[in-house]
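Source file: start.txt. Holds: compact mmCIF, C-alpha atoms.
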# COMPACT_ATOMS: atom_id res chain seq x y z
CA MET S 1 -16.25 12.33 6.46
CA VAL S 2 -17.14 11.71 2.82
CA TYR S 3 -14.59 14.32 1.79
CA ILE S 4 -11.87 12.59 3.77
CA MET S 5 -12.77 9.28 2.12
CA CYS S 6 -12.56 10.97 -1.29
CA VAL S 7 -9.09 12.27 -0.40
CA PHE S 8 -8.05 8.75 0.62
CA MET S 9 -9.42 7.36 -2.65
CA LEU S 10 -7.64 10.04 -4.69
CA GLY S 11 -4.37 9.34 -2.84
CA LEU S 12 -4.82 5.62 -3.47
CA VAL S 13 -5.31 6.12 -7.21
CA LEU S 14 -2.42 8.59 -7.48
CA GLY S 15 -0.15 6.23 -5.52
CA VAL S 16 -1.01 3.39 -7.89
CA VAL S 17 -0.21 5.69 -10.83
CA VAL S 18 3.18 6.49 -9.25
CA VAL S 19 3.93 2.81 -8.75
CA ALA S 20 2.90 1.91 -12.30
CA SER S 21 4.72 4.74 -14.05
CA ASN S 22 8.01 4.98 -12.21
CA PRO S 23 10.99 2.98 -13.50
CA SER S 24 13.10 3.63 -10.39
CA PRO S 25 12.58 1.12 -7.57
CA TYR S 26 13.25 3.77 -4.91
CA PHE S 27 10.21 5.83 -5.84
CA GLY S 28 8.18 2.71 -6.59
CA ALA S 29 8.65 1.53 -3.01
CA LEU S 30 7.68 5.00 -1.76
CA GLY S 31 4.55 4.85 -3.92
CA LEU S 32 3.65 1.47 -2.43
CA VAL S 33 3.92 2.90 1.08
CA VAL S 34 1.59 5.76 0.05
CA VAL S 35 -0.86 3.27 -1.47
CA SER S 36 -0.86 1.15 1.67
CA GLY S 37 -1.37 4.21 3.89
CA MET S 38 -4.30 5.47 1.82
CA GLY S 39 -5.86 2.01 1.63
CA CYS S 40 -5.59 1.61 5.38
CA GLY S 41 -7.12 5.06 5.81
CA MET S 42 -10.09 3.92 3.73
CA LEU S 43 -10.42 0.79 5.86
CA MET S 44 -10.33 2.92 8.97
CA GLY S 45 -13.08 5.17 7.64
CA HIS S 46 -15.29 2.18 6.89
CA GLY S 47 -15.07 0.84 10.42
CA ALA S 48 -12.00 -1.39 10.70
CA PRO S 49 -9.31 0.57 12.56
CA PHE S 50 -7.66 -2.49 14.10
CA LEU S 51 -7.51 -4.35 10.80
CA SER S 52 -6.17 -1.18 9.22
CA LEU S 53 -3.38 -0.98 11.82
CA VAL S 54 -2.40 -4.63 11.40
CA LEU S 55 -2.49 -4.37 7.61
CA PHE S 56 -0.38 -1.21 7.67
CA LEU S 57 2.23 -2.84 9.90
CA ILE S 58 2.38 -5.87 7.60
CA TYR S 59 2.65 -3.59 4.56
CA LEU S 60 5.44 -1.62 6.23
CA GLY S 61 7.31 -4.85 6.93
CA GLY S 62 6.88 -5.93 3.33
CA MET S 63 7.92 -2.53 2.02
CA LEU S 64 11.02 -2.64 4.21
CA VAL S 65 11.99 -5.88 2.48
CA VAL S 66 11.18 -4.50 -0.98
CA PHE S 67 13.07 -1.28 -0.35
CA ALA S 68 16.13 -3.10 1.03
CA TYR S 69 16.16 -5.42 -1.95
CA SER S 70 15.66 -2.66 -4.53
CA ALA S 71 18.22 -0.36 -2.92
CA ALA S 72 20.80 -3.13 -2.87
CA LEU S 73 20.29 -4.30 -6.44
CA ALA S 74 19.57 -1.01 -8.23
CA ALA S 75 22.71 1.00 -7.69
CA GLU S 76 21.69 4.02 -9.75
CA PRO S 77 23.53 7.24 -8.92
CA PHE S 78 20.77 9.37 -10.50
CA PRO S 79 17.44 7.52 -10.53
CA GLU S 80 14.49 8.65 -12.65
CA THR S 81 12.12 10.86 -10.67
CA LEU S 82 8.54 11.92 -11.26
CA GLY S 83 9.77 15.13 -12.89
CA SER S 84 11.71 13.45 -15.71
CA ARG S 85 10.17 13.45 -19.17
CA SER S 86 9.55 9.72 -19.64
CA VAL S 87 8.00 9.27 -16.22
CA ALA S 88 5.83 12.38 -16.63
CA MET S 89 4.55 11.01 -19.96
CA ASN S 90 3.68 7.70 -18.28
CA VAL S 91 1.90 9.53 -15.43
CA ALA S 92 -0.09 11.62 -17.92
CA GLY S 93 -1.08 8.50 -19.85
CA TYR S 94 -2.18 6.61 -16.74
CA VAL S 95 -4.13 9.57 -15.34
CA THR S 96 -5.85 9.99 -18.71
CA GLY S 97 -6.75 6.29 -18.67
CA VAL S 98 -8.16 6.58 -15.15
CA VAL S 99 -10.25 9.63 -16.10
CA ILE S 100 -11.60 7.93 -19.24
CA GLY S 101 -12.37 4.74 -17.29
CA ALA S 102 -14.10 6.71 -14.54
CA SER S 103 -16.19 8.64 -17.07
CA PHE S 104 -17.72 5.38 -18.34
CA PHE S 105 -18.86 4.35 -14.87
CA TRP S 106 -19.59 7.76 -13.35
CA ASP S 107 -23.39 7.59 -13.73
CA GLY S 108 -23.64 4.08 -12.25
CA TRP S 109 -21.99 4.90 -8.93
CA PHE S 110 -24.24 4.77 -5.91
CA GLY S 111 -23.79 7.53 -3.34
CA GLY S 112 -24.80 5.30 -0.42
CA LEU S 113 -21.64 3.27 -0.81
CA TRP S 114 -19.65 6.21 0.53
CA LEU S 115 -21.46 5.95 3.88
CA THR S 116 -18.85 5.51 6.58
CA VAL S 117 -19.30 3.58 9.80
CA ASP S 118 -19.55 6.69 11.96
CA GLU S 119 -22.55 7.98 10.03
CA GLY S 120 -24.61 4.91 10.97
CA ALA S 121 -23.45 4.75 14.60
CA GLU S 122 -26.83 5.53 16.12
CA PHE S 123 -28.18 2.17 14.96
CA SER S 124 -25.55 -0.03 16.63
CA LEU S 125 -24.48 -0.77 20.18
CA LEU S 126 -20.86 -1.66 19.41
CA ARG S 127 -18.20 -0.39 17.05
CA ALA S 128 -17.90 -2.33 13.81
CA ASP S 129 -14.45 -3.75 14.47
CA VAL S 130 -15.03 -5.16 17.97
CA GLY S 131 -16.11 -8.56 16.65
CA GLY S 132 -13.34 -8.57 14.07
CA VAL S 133 -10.63 -8.18 16.70
CA ALA S 134 -11.96 -11.15 18.66
CA VAL S 135 -12.15 -13.35 15.56
CA MET S 136 -8.69 -12.28 14.44
CA TYR S 137 -7.11 -13.23 17.74
CA SER S 138 -9.06 -16.47 18.18
CA SER S 139 -9.15 -17.94 14.68
CA GLY S 140 -6.55 -15.87 12.88
CA GLY S 141 -3.86 -15.61 15.55
CA LEU S 142 -1.80 -18.42 14.06
CA MET S 143 -1.92 -16.80 10.63
CA LEU S 144 -0.84 -13.48 12.13
CA VAL S 145 2.18 -15.07 13.80
CA LEU S 146 2.98 -17.02 10.64
CA SER S 147 2.86 -13.84 8.52
CA ALA S 148 5.20 -12.03 10.90
CA TRP S 149 7.60 -14.98 10.81
CA VAL S 150 7.55 -15.11 6.99
CA LEU S 151 8.26 -11.38 6.73
CA LEU S 152 11.16 -11.66 9.16
CA LEU S 153 12.56 -14.66 7.29
CA THR S 154 12.20 -12.80 3.96
CA LEU S 155 14.07 -9.83 5.39
CA PHE S 156 16.96 -12.06 6.45
CA VAL S 157 17.03 -13.79 3.06
CA VAL S 158 17.18 -10.47 1.21
CA LEU S 159 19.91 -9.17 3.49
CA GLU S 160 21.92 -12.37 2.98
CA VAL S 161 21.55 -12.22 -0.80
CA CYS S 162 22.61 -8.57 -0.88
CA ARG S 163 25.45 -8.81 1.62
CA GLY S 164 28.14 -8.20 -0.97
CA LEU S 165 31.18 -9.85 -2.44
CA SER S 166 32.63 -11.27 0.75
CA ARG S 167 30.12 -13.92 1.83
CA GLY S 168 26.79 -13.31 0.11
CA ALA S 169 25.17 -15.32 -2.65
CA LEU S 170 25.14 -12.38 -5.07
CA ARG S 171 28.43 -12.22 -6.94
CA ALA S 172 29.72 -9.78 -9.53
CA VAL S 173 30.12 -11.48 -12.89
Could you take the file, read its structure, and then write that structure out as structure tokens?
Amino acid sequence: MVYIMCVFMLGLVLGVVVVASNPSPYFGALGLVVVSGMGCGMLMGHGAPFLSLVLFLIYLGGMLVVFAYSAALAAEPFPETLGSRSVAMNVAGYVTGVVIGASFFWDGWFGGLWLTVDEGAEFSLLRADVGGVAVMYSSGGLMLVLSAWVLLLTLFVVLEVCRGLSRGALRAV
């Protein structure tokens, strides 16, 4: 399980590097989806599968809005990809920075922090997320509904702004 968590962490860091180094909004939105998937995988490994599912659905809703907005406003026929020279130089610089930063803190990391929830299951009677689901529906239910409403409203606002020349707010100058 530790190896799977390391793969999730590596995917999270590489997704952040893709988001930070890519000038094209298409691939930036794809990198954000990868980052959210890897982050939710890490949450799932540490004992919060329901929170991971809700967070992933909220991230997907947000990324739908970001992708619709970026696809409508960035009309590039040939966007920069990860294989182009400038983006590859940015990726190499960011990966070098991550490796140098990790080398400073490598000796101070504690191996017990990588313990997942399934490895300590013999000491508990319930799964770790059972109490979190109850609290989320009792105390956080209003916030969950409010977040879904805000994401839906944001999607409609972006679609209205990007509708085009006929009736939208975005006009060609």
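Of the residues listed (S:Val54, S:Val18, S:Met1, S:Met9), S:Val18 shows the shortest atom-to-atom separation from Gly93 (chain S); distances use all atoms listed in the file.
Here CA of Ile58 (chain S) and CA of Met5 (chain S) stand 22.1 Å from one another.
By only C-alpha atoms, and with residues fewer than 6 positions from region 28-39 of chain S along its chain excluded, the set lying at most 6 Å from it is Phe8, Leu12, Gly15, Val18, Val19 and Phe67 of chain S.
Proximity ranking of S:Phe56, S:Phe50, S:Gly97, S:Ser21 relative to Thr81 (chain S) places S:Ser21 first, based on all atoms listed in the file.
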Counting only C-alpha atoms, the residue among S:Met44, S:Leu51, S:Val2, S:Ala72 that lies closest to Glu160 (chain S) is S:Ala72
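Across the model, the gap from CA of Val150 (chain S) to CA of Gly62 (chain S) is 9.9 Å.
Using all atoms listed in the file, the smallest distance between any of S:Leu152, S:Leu73, S:Leu82, S:Val13 and Val95 (chain S) comes from S:Val13.
When all atoms listed in the file are used to compute distances to Leu64 (chain S), the closest of the residues S:Leu14, S:Ile4, S:Gly141, S:Tyr26 turns out to be S:Tyr26.
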A straight line from CA of Trp106 (chain S) to CA of Cys40 (chain S) spans 24.2 Å
